[in-house]
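Enquirer: Structure file upload-v4.cif (mmCIF, C-alpha atoms) right here:
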data_protein
#
loop_
_atom_site.label_atom_id
_atom_site.label_comp_id
_atom_site.auth_asym_id
_atom_site.auth_seq_id
_atom_site.Cartn_x
_atom_site.Cartn_y
_atom_site.Cartn_z
CA MET A 1 21.67 48.05 -44.50
CA ALA A 2 18.13 46.97 -45.35
CA LEU A 3 18.83 43.33 -45.99
CA GLY A 4 16.65 41.77 -43.32
CA THR A 5 19.38 40.66 -40.95
CA VAL A 6 19.08 38.25 -38.06
CA THR A 7 22.11 37.47 -35.93
CA ARG A 8 22.41 34.51 -33.60
CA ARG A 9 25.31 33.85 -31.29
CA LEU A 10 26.06 30.36 -30.15
CA GLY A 11 28.46 31.08 -27.31
CA ASN A 12 31.85 29.56 -26.57
CA LYS A 13 30.82 25.98 -25.90
CA LEU A 14 30.62 23.25 -28.44
CA LEU A 15 27.07 22.73 -29.59
CA PRO A 16 25.15 19.49 -29.23
CA ALA A 17 24.63 17.54 -32.41
CA LEU A 18 21.39 18.40 -34.15
CA SER A 19 19.06 15.78 -35.50
CA PRO A 20 19.80 15.22 -39.18
CA SER A 21 17.35 16.41 -41.79
CA PRO A 22 16.33 13.80 -44.34
CA ARG A 23 16.95 16.32 -47.13
CA LEU A 24 20.60 16.90 -46.19
CA LEU A 25 23.68 14.84 -46.70
CA HIS A 26 26.47 15.14 -44.13
CA SER A 27 29.76 16.22 -45.61
CA HIS A 28 31.17 12.66 -45.44
CA ALA A 29 28.43 11.58 -47.84
CA THR A 30 29.30 12.69 -51.33
CA SER A 31 26.73 14.55 -53.38
CA PHE A 32 26.72 16.50 -56.59
CA GLY A 33 23.52 18.47 -56.30
CA PHE A 34 20.81 15.86 -55.75
CA LYS A 35 22.94 13.04 -57.17
CA GLN A 36 25.18 10.77 -55.12
CA VAL A 37 28.62 10.28 -56.67
CA ASN A 38 32.02 9.07 -55.51
CA GLU A 39 34.53 11.61 -54.25
CA GLU A 40 36.80 11.63 -57.29
CA GLU A 41 33.79 12.12 -59.53
CA LYS A 42 32.49 15.03 -57.49
CA ALA A 43 35.81 16.89 -57.57
CA ARG A 44 35.95 16.54 -61.34
CA MET A 45 32.30 17.50 -61.86
CA VAL A 46 32.52 20.60 -59.65
CA GLY A 47 35.69 21.56 -61.48
CA ASP A 48 33.86 21.24 -64.79
CA VAL A 49 31.03 23.47 -63.50
CA PHE A 50 33.34 26.34 -62.59
CA THR A 51 35.46 25.98 -65.69
CA SER A 52 32.25 26.32 -67.67
CA VAL A 53 30.87 29.34 -65.79
CA ALA A 54 34.12 31.24 -65.04
CA SER A 55 33.80 33.82 -67.81
CA SER A 56 30.19 34.67 -66.94
CA TYR A 57 30.41 34.08 -63.17
CA ASP A 58 30.27 37.70 -62.02
CA LEU A 59 27.58 38.69 -64.53
CA MET A 60 25.41 35.75 -63.45
CA ASN A 61 25.89 36.67 -59.79
CA ASP A 62 24.59 40.16 -60.59
CA LEU A 63 21.60 38.78 -62.48
CA MET A 64 20.69 35.99 -60.03
CA SER A 65 20.86 38.22 -56.96
CA ALA A 66 19.73 41.47 -58.62
CA GLY A 67 23.09 42.88 -57.55
CA LEU A 68 22.59 42.04 -53.87
CA HIS A 69 25.68 39.81 -53.80
CA ARG A 70 27.73 43.02 -53.82
CA LEU A 71 26.07 44.18 -50.58
CA TRP A 72 26.47 40.73 -49.04
CA LYS A 73 30.20 40.74 -49.79
CA ASP A 74 30.48 44.28 -48.42
CA ARG A 75 28.86 43.03 -45.23
CA LEU A 76 31.27 40.09 -45.05
CA VAL A 77 34.31 42.35 -45.36
CA SER A 78 32.92 44.83 -42.83
CA LYS A 79 32.81 42.00 -40.29
CA LEU A 80 36.46 41.20 -41.05
CA ASN A 81 37.67 44.73 -40.22
CA PRO A 82 40.73 44.61 -42.53
CA PHE A 83 43.85 46.44 -41.43
CA PRO A 84 47.16 47.43 -43.05
CA GLY A 85 49.87 44.82 -42.67
CA MET A 86 47.44 41.92 -42.34
CA LYS A 87 47.96 38.49 -43.85
CA HIS A 88 44.62 37.23 -45.12
CA LEU A 89 43.48 34.13 -46.95
CA ASP A 90 40.43 34.25 -49.23
CA VAL A 91 39.50 30.71 -50.28
CA ALA A 92 37.41 29.89 -53.36
CA GLY A 93 37.90 33.53 -54.28
CA GLY A 94 39.13 33.07 -57.83
CA THR A 95 37.47 36.08 -59.47
CA GLY A 96 38.80 38.38 -56.75
CA ASP A 97 35.55 39.99 -55.61
CA VAL A 98 36.21 39.59 -51.88
CA ALA A 99 39.97 40.20 -52.11
CA PHE A 100 39.45 43.47 -53.98
CA ARG A 101 37.02 44.65 -51.30
CA ILE A 102 39.53 43.82 -48.56
CA LEU A 103 42.25 45.81 -50.31
CA GLU A 104 39.86 48.72 -50.89
CA ASN A 105 39.03 48.75 -47.17
CA ILE A 106 42.70 48.66 -46.24
CA HIS A 107 43.47 51.52 -48.60
CA LYS A 108 40.68 53.56 -46.97
CA VAL A 109 42.33 53.22 -43.58
CA LYS A 110 44.41 56.38 -43.36
CA LEU A 111 46.15 55.29 -40.16
CA LYS A 112 45.40 58.52 -38.34
CA GLY A 113 48.46 59.53 -36.40
CA LEU A 114 50.66 57.06 -38.31
CA ARG A 115 52.55 58.54 -41.21
CA GLY A 116 55.72 58.19 -43.19
CA ALA A 117 57.97 55.15 -43.24
CA PHE A 118 55.94 53.15 -40.68
CA GLN A 119 52.78 53.49 -42.75
CA ASP A 120 54.66 52.55 -45.91
CA THR A 121 56.07 49.48 -44.17
CA LEU A 122 52.66 48.31 -42.99
CA GLU A 123 51.15 48.75 -46.44
CA ALA A 124 54.07 46.89 -48.01
CA GLU A 125 53.55 43.97 -45.60
CA THR A 126 49.85 43.59 -46.44
CA GLN A 127 49.28 40.35 -48.31
CA ILE A 128 45.93 38.98 -49.45
CA TYR A 129 46.17 35.41 -50.71
CA VAL A 130 43.47 34.36 -53.16
CA CYS A 131 43.26 30.58 -53.21
CA ASP A 132 41.10 28.68 -55.69
CA ILE A 133 41.20 25.13 -56.99
CA ASN A 134 40.13 26.21 -60.46
CA PRO A 135 42.81 27.85 -62.65
CA LYS A 136 40.27 29.36 -65.02
CA MET A 137 38.57 31.20 -62.15
CA LEU A 138 41.99 32.46 -61.01
CA ASN A 139 42.76 33.69 -64.52
CA VAL A 140 39.53 35.70 -64.52
CA GLY A 141 40.54 37.21 -61.18
CA LYS A 142 44.04 38.09 -62.36
CA GLN A 143 42.63 39.79 -65.44
CA ARG A 144 40.17 41.78 -63.33
CA ALA A 145 42.95 42.77 -60.89
CA SER A 146 45.06 44.02 -63.78
CA GLU A 147 42.17 46.06 -65.15
CA LYS A 148 41.44 47.59 -61.75
CA GLY A 149 45.08 48.20 -60.84
CA PHE A 150 45.00 45.93 -57.79
CA GLY A 151 48.04 44.04 -56.57
CA GLU A 152 50.67 46.00 -58.46
CA ASP A 153 52.47 46.44 -55.13
CA GLY A 154 52.59 42.68 -54.52
CA SER A 155 49.73 42.75 -52.00
CA LEU A 156 47.71 40.20 -54.00
CA VAL A 157 48.99 36.65 -54.24
CA TRP A 158 47.14 34.14 -56.46
CA VAL A 159 47.38 30.50 -55.38
CA GLU A 160 45.94 27.42 -57.06
CA GLY A 161 45.07 25.13 -54.18
CA ASN A 162 42.55 22.86 -52.49
CA ALA A 163 40.61 24.18 -49.50
CA GLU A 164 40.79 20.72 -47.93
CA SER A 165 44.62 20.63 -47.95
CA LEU A 166 46.05 24.13 -47.89
CA SER A 167 49.74 24.77 -48.52
CA PHE A 168 50.00 27.54 -45.92
CA GLN A 169 51.82 27.22 -42.59
CA ASN A 170 50.14 26.82 -39.22
CA ASP A 171 49.15 30.05 -37.45
CA SER A 172 50.08 32.19 -40.45
CA MET A 173 46.90 34.16 -41.29
CA ASP A 174 45.11 37.01 -39.53
CA GLY A 175 41.86 36.28 -41.33
CA TYR A 176 40.14 33.67 -43.50
CA THR A 177 37.14 34.21 -45.77
CA ILE A 178 35.25 31.89 -48.07
CA ALA A 179 32.29 33.20 -50.08
CA PHE A 180 29.91 30.94 -51.99
CA GLY A 181 32.48 28.15 -52.03
CA ILE A 182 32.22 25.82 -49.07
CA ARG A 183 29.05 24.09 -50.26
CA ASN A 184 30.97 22.84 -53.31
CA VAL A 185 33.70 20.99 -51.41
CA THR A 186 33.68 17.25 -50.78
CA HIS A 187 34.50 17.35 -47.04
CA ILE A 188 33.28 20.42 -45.17
CA GLU A 189 34.98 19.27 -41.95
CA LYS A 190 38.38 19.21 -43.65
CA VAL A 191 37.92 22.75 -44.93
CA LEU A 192 36.99 24.00 -41.47
CA SER A 193 39.91 22.14 -39.89
CA GLU A 194 42.33 23.66 -42.40
CA ALA A 195 40.88 27.13 -41.79
CA HIS A 196 41.46 26.71 -38.07
CA ARG A 197 45.00 25.41 -38.64
CA VAL A 198 46.23 28.31 -40.78
CA LEU A 199 44.69 31.08 -38.67
CA LYS A 200 46.75 32.78 -35.98
CA PRO A 201 45.33 32.81 -32.45
CA GLY A 202 42.85 35.67 -32.51
CA GLY A 203 42.26 35.17 -36.23
CA ARG A 204 38.73 35.22 -37.57
CA PHE A 205 36.92 32.77 -39.85
CA LEU A 206 34.12 34.19 -41.99
CA CYS A 207 31.93 32.29 -44.42
CA LEU A 208 29.31 33.81 -46.73
CA GLU A 209 27.07 31.14 -48.20
CA LEU A 210 23.65 30.65 -49.73
CA SER A 211 21.56 29.08 -47.03
CA HIS A 212 18.03 28.11 -45.98
CA VAL A 213 14.93 30.32 -45.89
CA GLY A 214 12.71 29.73 -42.89
CA ILE A 215 9.64 31.85 -43.70
CA PRO A 216 7.15 29.47 -45.42
CA ILE A 217 5.65 31.81 -48.05
CA PHE A 218 9.03 33.35 -48.84
CA LYS A 219 10.53 29.86 -49.04
CA ASP A 220 7.96 28.80 -51.66
CA LEU A 221 8.72 31.85 -53.77
CA TYR A 222 12.45 31.32 -53.36
CA ASP A 223 12.18 27.67 -54.36
CA TYR A 224 10.22 28.60 -57.48
CA TYR A 225 12.76 31.26 -58.42
CA SER A 226 15.68 28.90 -57.74
CA PHE A 227 14.49 25.88 -59.68
CA SER A 228 12.53 27.57 -62.48
CA VAL A 229 14.25 30.89 -63.15
CA ILE A 230 17.95 30.47 -62.32
CA PRO A 231 18.64 27.44 -64.56
CA TYR A 232 16.78 29.15 -67.42
CA MET A 233 18.82 32.30 -66.82
CA GLY A 234 22.01 30.22 -66.87
CA GLU A 235 21.02 28.72 -70.20
CA LEU A 236 20.08 32.10 -71.67
CA VAL A 237 23.11 34.11 -70.48
CA ALA A 238 25.87 31.55 -69.99
CA GLY A 239 24.66 28.83 -72.35
CA ASP A 240 24.83 26.36 -69.47
CA ARG A 241 21.60 25.25 -67.80
CA GLN A 242 23.08 22.15 -66.17
CA SER A 243 25.74 23.98 -64.14
CA TYR A 244 23.18 26.36 -62.66
CA GLN A 245 20.82 23.48 -61.93
CA TYR A 246 23.67 21.98 -59.89
CA LEU A 247 24.32 25.27 -58.09
CA VAL A 248 20.65 25.47 -57.04
CA GLU A 249 20.59 21.85 -55.88
CA SER A 250 23.85 22.26 -53.95
CA ILE A 251 22.23 24.97 -51.83
CA ARG A 252 19.49 22.57 -50.75
CA ARG A 253 22.09 19.94 -49.81
CA PHE A 254 24.04 22.37 -47.66
CA PRO A 255 23.55 22.12 -43.87
CA SER A 256 21.14 24.45 -42.12
CA GLN A 257 22.49 27.56 -40.42
CA GLU A 258 22.42 25.89 -36.98
CA LYS A 259 24.00 22.67 -38.20
CA PHE A 260 26.79 24.49 -40.03
CA ALA A 261 27.43 26.63 -36.94
CA SER A 262 27.84 23.45 -34.87
CA MET A 263 30.34 22.13 -37.43
CA ILE A 264 32.38 25.34 -37.12
CA ALA A 265 32.41 24.96 -33.34
CA ASP A 266 33.42 21.31 -33.66
CA ALA A 267 36.43 22.44 -35.73
CA GLY A 268 37.69 24.32 -32.67
CA PHE A 269 36.36 27.82 -33.27
CA GLN A 270 34.98 29.89 -30.40
CA LYS A 271 32.34 32.64 -30.30
CA VAL A 272 30.56 31.10 -33.27
CA GLU A 273 27.67 33.12 -34.62
CA TYR A 274 25.75 33.66 -37.81
CA GLU A 275 23.75 36.41 -39.43
CA ASN A 276 20.89 35.73 -41.81
CA LEU A 277 20.47 38.14 -44.71
CA VAL A 278 17.27 38.43 -46.75
CA GLY A 279 15.43 35.95 -44.57
CA GLY A 280 18.13 33.29 -44.80
CA VAL A 281 18.74 33.37 -48.54
CA VAL A 282 22.34 33.87 -47.47
CA ALA A 283 24.06 33.65 -44.11
CA ILE A 284 27.38 34.87 -42.78
CA HIS A 285 28.94 32.51 -40.24
CA SER A 286 31.90 33.53 -38.13
CA GLY A 287 34.18 32.11 -35.49
CA LEU A 288 37.39 33.02 -33.66
CA LYS A 289 40.50 30.93 -33.15
CA ILE A 290 41.51 31.43 -29.53
#
Give the structure from this file in structure tokens form.

Expert:
Amino acid sequence: MALGTVTRRLGNKLLPALSPSPRLLHSHATSFGFKQVNEEEKARMVGDVFTSVASSYDLMNDLMSAGLHRLWKDRLVSKLNPFPGMKHLDVAGGTGDVAFRILENIHKVKLKGLRGAFQDTLEAETQIYVCDINPKMLNVGKQRASEKGFGEDGSLVWVEGNAESLSFQNDSMDGYTIAFGIRNVTHIEKVLSEAHRVLKPGGRFLCLELSHVGIPIFKDLYDYYSFSVIPYMGELVAGDRQSYQYLVESIRRFPSQEKFASMIADAGFQKVEYENLVGGVVAIHSGLKI
């Protein structure tokens, strides 16, 4: 896949703390884009953003990324290696994009050598939980699932919930994904801790997130596109410049790839690694619960 990938593995040991960048806020400091706000205010403001953009969210993703977000999500799911009978949690996945891909991958697995009642049982036990704090985003996902014919067998479960305080039991999930969501939470550490808690031993954490470009010339072009084009596009297509201004600013507030990897390791995950796509425009971080 010609996406310009770079993979770095950080080993099994916890990483030393990295020196903080003056442009970043740690997750215990509360920011809404470039503004500092209190925690209650941030939760409400982020909620307002996604309520506003829910109906145009997928269209804007196509426009902003020139369709590349589809390949990035395909890459995320390929790293997950979905299998029939799995219990998986997709957080901040309201519109269903990642969940649908997981189900499509599971349906493609023909279970060579496994047929009949055993195959039917495994498929019946497959459950993909889509958890999102925003009910409007979930409604968009449910509508899309109905149109595509997903989840009619009960394999899709829609849950309104907070990534920082999940309602799922300890050691209950085979996999956990979060795509373009973790930078919007108030406490990143709490999200990572909850992900570790609900995963079974051997379960995998995967996070797809807009990240930081390291190549100077490319970074300048990316910054221009982000701050000049994306908000204008949001105003033109979604009628909401302010929400897309926030989304751009939130990327710059998010920790660097190395810093975020160290946070994942601090949450208890092993074999932490990340892969840069398109020069770091996005990164896929992963870790195992052992």

Enquirer: Which residue, A:Lys136, A:Lys259, A:Asn162, A:Val98, has the smallest gap to Asn184 of chain A when you use all atoms listed in the file?

Expert: A:Asn162

Enquirer: Quote the spacing between atom CA of Val77 of chain A and atom CA of Gly181 of chain A in Å to one decimal place.

Expert: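 Separating atom CA of Val77 of chain A from atom CA of Gly181 of chain A is a distance of 15.8 Å.
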
Enquirer: Could you tell me how far atom CA of Ile178 of chain A lies from atom CA of Ala92 of chain A, in Å and to one decimal?

Expert: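 Those two atoms sit 6.1 Å apart.
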
Enquirer: For the file shown, what are the residues hit by the PyMOL selection byres ((chain A and resi 200) around 8), laid out as an mmCIF file with C-alpha atoms, in the frame of the given file?

Expert:
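selection.cif was written with the following content:
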data_model
loop_
_atom_site.group_PDB
_atom_site.id
_atom_site.type_symbol
_atom_site.label_atom_id
_atom_site.label_comp_id
_atom_site.auth_asym_id
_atom_site.auth_seq_id
_atom_site.Cartn_x
_atom_site.Cartn_y
_atom_site.Cartn_z
ATOM 1 C CA ASN A 170 50.140 26.820 -39.220
ATOM 2 C CA ASP A 171 49.150 30.050 -37.450
ATOM 3 C CA SER A 172 50.080 32.190 -40.450
ATOM 4 C CA MET A 173 46.900 34.160 -41.290
ATOM 5 C CA ASP A 174 45.110 37.010 -39.530
ATOM 6 C CA VAL A 198 46.230 28.310 -40.780
ATOM 7 C CA LEU A 199 44.690 31.080 -38.670
ATOM 8 C CA PRO A 201 45.330 32.810 -32.450
ATOM 9 C CA GLY A 202 42.850 35.670 -32.510
ATOM 10 C CA GLY A 203 42.260 35.170 -36.230
ATOM 11 C CA LYS A 289 40.500 30.930 -33.150
#

Enquirer: Applying the PyMOL selection byres ((chain A and resi 54-57) around 8) to the file I just gave you, which residues come out? Please list them as a PDB file with C-alpha atoms, keeping the file's coordinate frame.

Expert:
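The resulting file, selection.pdb, is shown below:
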ATOM      1  CA  PHE A  50      33.340  26.340 -62.590  1.00  0.00           C
ATOM      2  CA  THR A  51      35.460  25.980 -65.690  1.00  0.00           C
ATOM      3  CA  SER A  52      32.250  26.320 -67.670  1.00  0.00           C
ATOM      4  CA  VAL A  53      30.870  29.340 -65.790  1.00  0.00           C
ATOM      5  CA  ASP A  58      30.270  37.700 -62.020  1.00  0.00           C
ATOM      6  CA  LEU A  59      27.580  38.690 -64.530  1.00  0.00           C
ATOM      7  CA  MET A  60      25.410  35.750 -63.450  1.00  0.00           C
ATOM      8  CA  ASN A  61      25.890  36.670 -59.790  1.00  0.00           C
ATOM      9  CA  LYS A 136      40.270  29.360 -65.020  1.00  0.00           C
ATOM     10  CA  MET A 137      38.570  31.200 -62.150  1.00  0.00           C
ATOM     11  CA  VAL A 140      39.530  35.700 -64.520  1.00  0.00           C
ATOM     12  CA  VAL A 237      23.110  34.110 -70.480  1.00  0.00           C
ATOM     13  CA  ALA A 238      25.870  31.550 -69.990  1.00  0.00           C
TER      14      ALA A 238
END

Enquirer: Quick one: distance from atom CA of Met233 of chain A to atom CA of Leu247 of chain A in Å, one decimal?

Expert: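 Taking atom CA of Met233 of chain A as the start and atom CA of Leu247 of chain A as the end point, the length is 12.5 Å.
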